[in-house]
$ cat input_12.cif   # mmCIF, C-alpha atoms
data_model
loop_
_atom_site.label_atom_id
_atom_site.label_comp_id
_atom_site.auth_asym_id
_atom_site.auth_seq_id
_atom_site.Cartn_x
_atom_site.Cartn_y
_atom_site.Cartn_z
CA MET Z 21 107.93 59.50 75.09
CA LYS Z 22 109.80 62.80 74.79
CA LYS Z 23 109.56 65.06 77.85
CA PRO Z 24 108.56 68.71 77.25
CA SER Z 25 111.44 71.13 77.28
CA ARG Z 26 111.84 73.74 80.00
CA LEU Z 27 111.01 76.44 77.47
CA ALA Z 28 107.75 74.69 76.57
CA ILE Z 29 106.83 74.35 80.27
CA LEU Z 30 107.45 78.06 80.85
CA PHE Z 31 105.46 78.99 77.74
CA ASN Z 32 102.51 76.79 78.73
CA GLY Z 33 102.62 78.13 82.30
CA ALA Z 34 102.52 81.72 81.08
CA ALA Z 35 99.60 80.90 78.79
CA LEU Z 36 97.75 79.31 81.71
CA LEU Z 37 98.31 82.41 83.86
CA ILE Z 38 96.94 84.63 81.09
CA VAL Z 39 93.83 82.45 80.77
CA LEU Z 40 93.28 82.49 84.56
CA ALA Z 41 93.73 86.26 84.74
CA SER Z 42 91.32 86.80 81.85
CA GLY Z 43 88.77 84.53 83.52
CA ALA Z 44 89.12 86.40 86.81
CA ALA Z 45 88.58 89.73 85.03
CA VAL Z 46 85.45 88.44 83.36
CA LEU Z 47 84.06 87.12 86.66
CA ARG Z 48 84.84 90.39 88.39
CA SER Z 49 83.03 92.38 85.69
CA VAL Z 50 79.98 90.14 86.11
CA PHE Z 51 79.78 89.96 89.91
CA VAL Z 52 81.56 93.14 91.10
CA ALA Z 53 80.29 96.51 89.93
CA ASP Z 54 82.84 99.25 89.25
CA GLU Z 55 82.75 101.91 91.96
CA LEU Z 56 81.13 105.13 90.84
CA ALA Z 57 83.50 108.09 90.61
CA PRO Z 58 82.99 110.90 93.15
CA CYS Z 59 80.30 113.34 92.08
CA SER Z 60 82.72 116.30 92.02
CA THR Z 61 84.36 114.73 88.95
CA ARG Z 62 81.04 114.29 87.10
CA TYR Z 63 79.27 117.63 87.66
CA SER Z 64 80.52 120.53 85.53
CA GLN Z 65 78.60 123.58 86.81
CA GLY Z 66 79.24 124.84 90.31
CA THR Z 67 79.73 127.65 92.79
CA GLN Z 68 81.47 128.05 96.14
CA LEU Z 69 80.31 129.77 99.31
CA SER Z 70 82.87 132.52 99.87
CA LEU Z 71 84.03 133.17 103.43
CA GLU Z 72 86.08 136.23 102.51
CA ARG Z 73 85.40 139.81 101.46
CA SER Z 74 86.64 141.16 98.15
CA ARG Z 75 89.95 142.29 99.71
CA GLY Z 76 90.56 138.97 101.44
CA GLU Z 77 89.34 139.79 104.94
CA LEU Z 78 87.45 137.00 106.65
CA LEU Z 79 83.70 137.42 107.04
CA THR Z 80 82.37 137.96 110.53
CA SER Z 81 79.46 136.08 112.09
CA ALA Z 82 77.37 139.21 111.57
CA ASP Z 83 78.31 139.17 107.86
CA LEU Z 84 77.11 135.58 107.59
CA GLN Z 85 73.86 136.35 109.36
CA ALA Z 86 73.24 139.34 107.10
CA ARG Z 87 73.70 137.08 104.09
CA PHE Z 88 71.48 134.26 105.38
CA GLY Z 89 69.17 136.22 107.66
CA GLY Z 90 65.82 134.57 108.26
CA THR Z 91 67.13 131.03 107.72
CA ASP Z 92 69.80 130.89 110.44
CA TRP Z 93 69.91 129.72 114.05
CA GLY Z 94 72.85 129.81 116.44
CA LEU Z 95 74.99 131.63 113.89
CA LEU Z 96 75.98 134.60 116.05
CA ASP Z 97 76.40 132.45 119.19
CA ASN Z 98 78.24 129.41 117.89
CA ALA Z 99 79.88 130.12 114.53
CA ARG Z 100 82.81 132.18 113.31
CA VAL Z 101 85.06 132.24 110.26
CA VAL Z 102 88.69 131.45 111.09
CA GLU Z 103 91.90 130.90 109.21
CA VAL Z 104 93.10 127.31 109.44
CA LYS Z 105 96.85 126.87 108.87
CA ASP Z 106 97.03 123.12 108.27
CA ASN Z 107 98.70 122.59 104.87
CA GLY Z 108 98.63 126.32 104.22
CA PRO Z 109 96.21 129.01 105.39
CA ARG Z 110 92.58 128.67 104.32
CA PRO Z 111 89.27 129.96 105.70
CA ALA Z 112 86.87 127.64 107.50
CA ILE Z 113 83.75 127.89 109.63
CA GLU Z 114 84.40 126.98 113.26
CA VAL Z 115 81.30 125.67 115.04
CA ARG Z 116 80.91 125.53 118.81
CA LEU Z 117 78.50 122.72 119.76
CA ALA Z 118 76.74 124.63 122.53
CA LYS Z 119 73.06 125.28 123.18
CA VAL Z 120 71.48 128.44 121.86
CA GLY Z 121 69.46 130.54 124.27
CA GLY Z 122 66.59 132.95 123.79
CA LYS Z 123 64.26 133.19 120.83
CA ALA Z 124 66.89 131.79 118.45
CA ALA Z 125 66.93 128.42 120.22
CA PRO Z 126 65.42 125.53 118.21
CA ASP Z 127 62.62 123.59 119.86
CA ASP Z 128 64.48 120.25 119.94
CA HIS Z 129 67.42 121.48 122.09
CA ARG Z 130 70.02 121.08 119.37
CA ALA Z 131 73.53 122.37 120.05
CA GLY Z 132 75.41 124.14 117.26
CA MET Z 133 74.27 126.31 114.35
CA GLY Z 134 72.64 126.24 110.95
CA PHE Z 135 71.68 128.35 107.95
CA THR Z 136 70.30 127.82 104.44
CA TRP Z 137 72.40 128.57 101.36
CA THR Z 138 70.50 128.82 98.06
CA PRO Z 139 72.80 130.04 95.27
CA ARG Z 140 71.04 131.89 92.47
CA GLY Z 141 72.58 129.81 89.71
CA VAL Z 142 70.99 126.53 90.82
CA ASN Z 143 67.41 127.43 89.83
CA GLY Z 144 66.08 124.02 90.89
CA VAL Z 145 67.76 120.87 89.56
CA ALA Z 146 67.08 117.13 89.78
CA SER Z 147 70.60 116.11 90.80
CA ALA Z 148 73.39 117.89 92.64
CA CYS Z 149 76.70 117.38 94.43
CA LEU Z 150 77.86 119.04 97.66
CA THR Z 151 81.53 118.98 98.64
CA TYR Z 152 83.45 120.28 101.66
CA SER Z 153 86.15 119.20 104.09
CA LEU Z 154 85.50 118.45 107.76
CA LEU Z 155 87.74 118.42 110.83
CA MET Z 156 86.72 116.86 114.14
CA PRO Z 157 89.44 117.17 116.82
CA SER Z 158 91.04 114.02 118.19
CA ASP Z 159 89.06 114.31 121.46
CA PHE Z 160 85.73 115.08 119.74
CA ASP Z 161 82.73 113.76 121.70
CA PHE Z 162 80.22 112.10 119.36
CA ALA Z 163 77.65 112.31 122.20
CA LYS Z 164 74.19 111.24 120.94
CA GLY Z 165 75.00 111.81 117.29
CA GLY Z 166 74.76 114.88 115.12
CA ARG Z 167 74.19 116.40 111.72
CA LEU Z 168 76.37 117.92 109.00
CA PRO Z 169 75.70 120.13 105.95
CA GLY Z 170 73.53 118.42 103.35
CA LEU Z 171 71.64 119.11 100.13
CA LEU Z 172 68.24 120.78 100.36
CA ALA Z 173 65.15 120.23 98.18
CA SER Z 174 62.12 122.48 97.93
CA ALA Z 175 58.96 122.86 95.87
CA GLN Z 176 58.51 125.59 93.31
CA ALA Z 177 54.73 125.64 93.86
CA GLN Z 178 53.11 126.15 97.24
CA SER Z 179 50.53 123.47 96.43
CA VAL Z 180 53.14 120.72 96.95
CA ALA Z 181 52.73 119.52 100.54
CA HIS Z 182 55.56 117.00 101.00
CA VAL Z 183 59.16 118.04 100.32
CA PRO Z 184 62.00 115.57 100.99
CA SER Z 185 64.68 116.40 103.53
CA ILE Z 186 67.94 114.40 103.49
CA ARG Z 187 70.82 115.01 105.90
CA ALA Z 188 74.25 113.47 106.49
CA GLY Z 189 75.56 113.07 110.04
CA TRP Z 190 77.08 110.76 112.63
CA ARG Z 191 75.76 108.23 115.13
CA GLU Z 192 76.70 107.91 118.82
CA ALA Z 193 79.87 105.97 118.04
CA GLY Z 194 80.78 108.17 115.06
CA GLY Z 195 79.37 106.00 112.30
CA LEU Z 196 78.43 107.82 109.09
CA GLU Z 197 74.65 108.10 108.75
CA VAL Z 198 72.21 109.59 106.26
CA SER Z 199 68.68 110.33 107.44
CA ALA Z 200 65.61 111.31 105.44
CA GLN Z 201 62.23 112.90 106.02
CA LEU Z 202 59.88 111.75 103.26
CA ALA Z 203 56.17 111.96 102.55
CA GLY Z 204 54.22 109.71 104.92
CA TRP Z 205 57.06 109.53 107.47
CA SER Z 206 56.19 111.15 110.79
CA ASP Z 207 59.85 111.38 111.86
CA PRO Z 208 63.24 111.38 110.12
CA ARG Z 209 64.60 107.86 109.56
CA ALA Z 210 68.09 106.58 108.88
CA LEU Z 211 68.43 105.20 105.36
CA ALA Z 212 69.77 101.66 105.07
CA ASN Z 213 73.25 101.70 103.54
CA ASP Z 214 73.95 99.64 100.41
CA SER Z 215 77.68 100.08 101.13
CA ARG Z 216 79.68 98.90 104.14
CA SER Z 217 79.49 100.88 107.37
CA TYR Z 218 82.07 103.58 108.01
CA THR Z 219 83.18 105.60 111.06
CA LEU Z 220 84.18 109.23 110.62
CA PRO Z 221 87.80 109.76 111.69
CA ARG Z 222 88.86 112.31 114.30
CA GLY Z 223 91.98 114.43 114.36
CA GLN Z 224 92.32 114.87 110.60
CA TRP Z 225 90.67 116.69 107.71
CA VAL Z 226 88.41 114.51 105.57
CA ALA Z 227 86.80 115.44 102.25
CA LEU Z 228 83.06 114.75 102.08
CA GLU Z 229 80.93 114.61 98.95
CA GLN Z 230 77.16 114.09 98.95
CA GLU Z 231 75.17 113.38 95.79
CA ILE Z 232 71.39 113.33 95.50
CA VAL Z 233 69.59 112.20 92.36
CA LEU Z 234 65.85 112.85 92.59
CA ASN Z 235 63.67 110.17 91.08
CA ALA Z 236 61.49 110.74 88.04
CA PRO Z 237 57.90 111.09 89.32
CA GLY Z 238 56.32 107.65 89.54
CA GLN Z 239 59.68 105.86 89.26
CA LYS Z 240 61.95 104.26 91.87
CA ASP Z 241 65.20 105.59 90.47
CA GLY Z 242 66.34 108.10 93.10
CA ALA Z 243 69.76 107.78 94.73
CA VAL Z 244 71.77 109.15 97.66
CA ARG Z 245 75.54 108.71 97.88
CA VAL Z 246 78.35 109.94 100.15
CA TRP Z 247 82.09 109.73 99.47
CA VAL Z 248 84.80 110.25 102.10
CA ASP Z 249 88.27 111.09 100.78
CA GLY Z 250 87.22 109.83 97.35
CA ALA Z 251 85.93 106.43 98.54
CA LEU Z 252 82.22 105.62 98.29
CA ARG Z 253 81.06 105.06 101.89
CA PHE Z 254 77.28 105.35 101.60
CA GLU Z 255 74.96 104.44 98.75
CA LYS Z 256 71.22 103.90 98.53
CA ASN Z 257 69.54 103.35 95.16
CA GLY Z 258 65.96 102.74 94.03
CA LEU Z 259 64.54 105.54 96.18
CA VAL Z 260 61.32 107.49 95.81
CA LEU Z 261 62.37 110.94 96.99
CA ARG Z 262 59.58 112.97 95.37
CA ASP Z 263 56.15 112.54 93.85
CA SER Z 264 56.14 115.70 91.75
CA ALA Z 265 58.53 117.14 89.16
CA ASP Z 266 57.97 120.49 90.88
CA ILE Z 267 60.26 119.34 93.73
CA ARG Z 268 63.85 120.27 92.95
CA ILE Z 269 67.21 120.61 94.70
CA THR Z 270 67.69 124.30 95.47
CA GLY Z 271 70.62 124.58 97.85
CA VAL Z 272 72.27 123.47 101.07
CA ALA Z 273 71.10 123.12 104.67
CA ALA Z 274 74.40 124.17 106.23
CA GLU Z 275 73.95 122.65 109.68
CA ALA Z 276 76.51 121.46 112.18
CA LEU Z 277 74.83 120.27 115.36
CA SER Z 278 74.81 117.75 118.16
CA TYR Z 279 71.52 116.07 119.10
CA GLY Z 280 69.91 116.21 122.51
CA ALA Z 281 72.05 117.17 125.46
CA VAL Z 282 75.21 119.21 125.04
CA PRO Z 283 78.31 116.95 124.85
CA SER Z 284 80.06 116.21 128.15
CA ARG Z 285 82.72 118.75 127.19
CA GLU Z 286 82.23 121.65 124.84
CA GLY Z 287 82.90 120.36 121.36
CA LYS Z 288 84.05 122.14 118.23
CA LEU Z 289 84.35 121.18 114.60
CA TRP Z 290 85.42 122.95 111.43
CA PHE Z 291 84.30 122.75 107.80
CA SER Z 292 85.74 124.37 104.70
CA PRO Z 293 83.82 126.59 102.24
CA LEU Z 294 80.88 124.67 100.81
CA GLU Z 295 80.92 123.91 97.09
CA LEU Z 296 77.71 123.08 95.24
CA ARG Z 297 77.72 121.45 91.79
CA TRP Z 298 74.79 120.52 89.58
CA GLN Z 299 73.82 119.40 86.10
#

$ encode --input "input_12.cif" --output "structure tokens"
Amino acid sequence: MKKPSRLAILFNGAALLIVLASGAAVLRSVFVADELAPCSTRYSQGTQLSLERSRGELLTSADLQARFGGTDWGLLDNARVVEVKDNGPRPAIEVRLAKVGGKAAPDDHRAGMGFTWTPRGVNGVASACLTYSLLMPSDFDFAKGGRLPGLLASAQAQSVAHVPSIRAGWREAGGLEVSAQLAGWSDPRALANDSRSYTLPRGQWVALEQEIVLNAPGQKDGAVRVWVDGALRFEKNGLVLRDSADIRITGVAAEALSYGAVPSREGKLWFSPLELRWQ
């Protein structure tokens, strides 16, 4: 019996590799879903929260309060616009995680600041994307956890009693967490993550993107997703986030706060100008 030539062996081996690779691709397409692209690449309309005046001067804390007056807390005490010089100068909001005294203090002893940003162009949408960059210093104390800027929903009609509230933040050890306040829930609860757990890094800028897709009334098709540096780190699908089409996404709850007691040492963090996209 004639033995196969070396050329025939190489040819058959290459053919076998092609078959195996094709089979692996088919299996991957069946059992492994393609990762969804970050929301900033899929939403065309958008606007950015400016931190500068028309001539380029940085806004003051008083400027910010004048713009968001009535929705802010801790803004004058714990926030200021600064120029960050990492990778070129750019404006950012520096937040001091300290308690707020007097009438401006929130009832739950939060440390930090917050305000509500509702751009005129949004006009109430069913899905939106919030993007910004965050810097926690290398010695940042995660303390008892905290909260970061997140998308805000509201009802167009006053007759709607339950409006969803969804916030991104961190746990005691720095793990990324998304919490929600929904109809029938007496307290905010952490949403279970369909993706693997992730810890926010310290000592470097990270790009965060949060997407919320409100469900169609009566359907379980709502979704919440968070990307960090372009990688999907949090995803929860099949959610019921509203029970009325009158509930829409209207802006951003721009909060940066630490829960409970003030951290063991005064903490600071920085975030870049917020960018809101919708469709």

$ resolve_selection --input "input_12.cif" --expression "the PyMOL selection byres ((chain Z and resi 116) around 10)" --output "ChimeraX atom specification"
/Z:94-95,97-100,113-115,117-119,131-133,276-278,286-290

$ residues_near_point --input "input_12.cif" --point "(90.6, 114.3, 112.8)" --cutoff "12 Å" --atoms "all atoms listed in the file" --output "number ranges by chain"
Z: 106, 153-161, 194, 219-227, 288-291

$ atom_distance --input "input_12.cif" --atom1 "atom CA of Leu79 of chain Z" --atom2 "atom CA of Val102 of chain Z"
8.8 Å

$ atom_distance --input "input_12.cif" --atom1 "atom CA of Gly76 of chain Z" --atom2 "atom CA of Ala112 of chain Z"
13.4 Å

$ closest_atom_pairs --input "input_12.cif" --of "segment 128-192 of chain Z" --to "segment 52-67 of chain Z" --cutoff "8 Å" --atoms "all atoms listed in the file" --output "JSON lines"
{"residue": "Z:Pro139", "atom": "CA", "partner": "Z:Thr67", "partner_atom": "CA", "distance": 7.7}
{"residue": "Z:Ala148", "atom": "CA", "partner": "Z:Tyr63", "partner_atom": "CA", "distance": 7.7}
{"residue": "Z:Cys149", "atom": "CA", "partner": "Z:Cys59", "partner_atom": "CA", "distance": 5.9}
{"residue": "Z:Leu150", "atom": "CA", "partner": "Z:Ser60", "partner_atom": "CA", "distance": 7.9}
{"residue": "Z:Thr151", "atom": "CA", "partner": "Z:Ser60", "partner_atom": "CA", "distance": 7.2}

$ write_last_selection --input "input_12.cif" --atoms "C-alpha atoms" --output "mmCIF file, in the coordinates of the input"
data_model
loop_
_atom_site.group_PDB
_atom_site.id
_atom_site.type_symbol
_atom_site.label_atom_id
_atom_site.label_comp_id
_atom_site.auth_asym_id
_atom_site.auth_seq_id
_atom_site.Cartn_x
_atom_site.Cartn_y
_atom_site.Cartn_z
ATOM 1 C CA PRO Z 139 72.800 130.040 95.270
ATOM 2 C CA ALA Z 148 73.390 117.890 92.640
ATOM 3 C CA CYS Z 149 76.700 117.380 94.430
ATOM 4 C CA LEU Z 150 77.860 119.040 97.660
ATOM 5 C CA THR Z 151 81.530 118.980 98.640
#

$ residues_around --input "input_12.cif" --residues "segment 243-257 of chain Z" --least-positions-apart "5" --cutoff "7 Å" --atoms "all atoms listed in the file" --output "ChimeraX atom specification"
/Z:58,213-216,218,226-234

$ write_last_selection --input "input_12.cif" --atoms "C-alpha atoms" --output "CSV table (one decimal), in the coordinates of the input"
chain,number,residue,atom,x,y,z
Z,58,PRO,CA,83.0,110.9,93.2
Z,213,ASN,CA,73.2,101.7,103.5
Z,214,ASP,CA,74.0,99.6,100.4
Z,215,SER,CA,77.7,100.1,101.1
Z,216,ARG,CA,79.7,98.9,104.1
Z,218,TYR,CA,82.1,103.6,108.0
Z,226,VAL,CA,88.4,114.5,105.6
Z,227,ALA,CA,86.8,115.4,102.2
Z,228,LEU,CA,83.1,114.8,102.1
Z,229,GLU,CA,80.9,114.6,99.0
Z,230,GLN,CA,77.2,114.1,99.0
Z,231,GLU,CA,75.2,113.4,95.8
Z,232,ILE,CA,71.4,113.3,95.5
Z,233,VAL,CA,69.6,112.2,92.4
Z,234,LEU,CA,65.8,112.8,92.6

$ closest_residue --input "input_12.cif" --among "Z:Val183, Z:Val101, Z:Leu69, Z:Ile269" --to "Ala82 of chain Z" --atoms "all atoms listed in the file"
Z:Val101

$ residues_around --input "input_12.cif" --residues "Leu96 of chain Z" --least-positions-apart "5" --cutoff "10 Å" --atoms "only C-alpha atoms" --output "NGL selection string"
:Z and (80-85 or 120 or 124 or 133)

$ closest_residue --input "input_12.cif" --among "Z:Asp263, Z:Glu275, Z:Glu192, Z:Glu77" --to "Ala175 of chain Z" --atoms "all atoms listed in the file"
Z:Asp263

$ axis_aligned_box --input "input_12.cif" --around "segment 210-214 of chain Z" --padding-each-side "5 Å" --output "lines of an AutoDock Vina configuration file"
center_x = 71.0
center_y = 103.1
center_z = 104.6
size_x = 15.9
size_y = 16.9
size_z = 18.5

$ residues_around --input "input_12.cif" --residues "Trp205 of chain Z" --least-positions-apart "2" --cutoff "12 Å" --atoms "all atoms listed in the file" --output "JSON, numbers by chain"
{"Z": [182, 183, 184, 185, 199, 200, 201, 202, 203, 207, 208, 209, 210, 261]}

$ atom_distance --input "input_12.cif" --atom1 "atom CA of Phe88 of chain Z" --atom2 "atom CA of Pro169 of chain Z"
14.8 Å
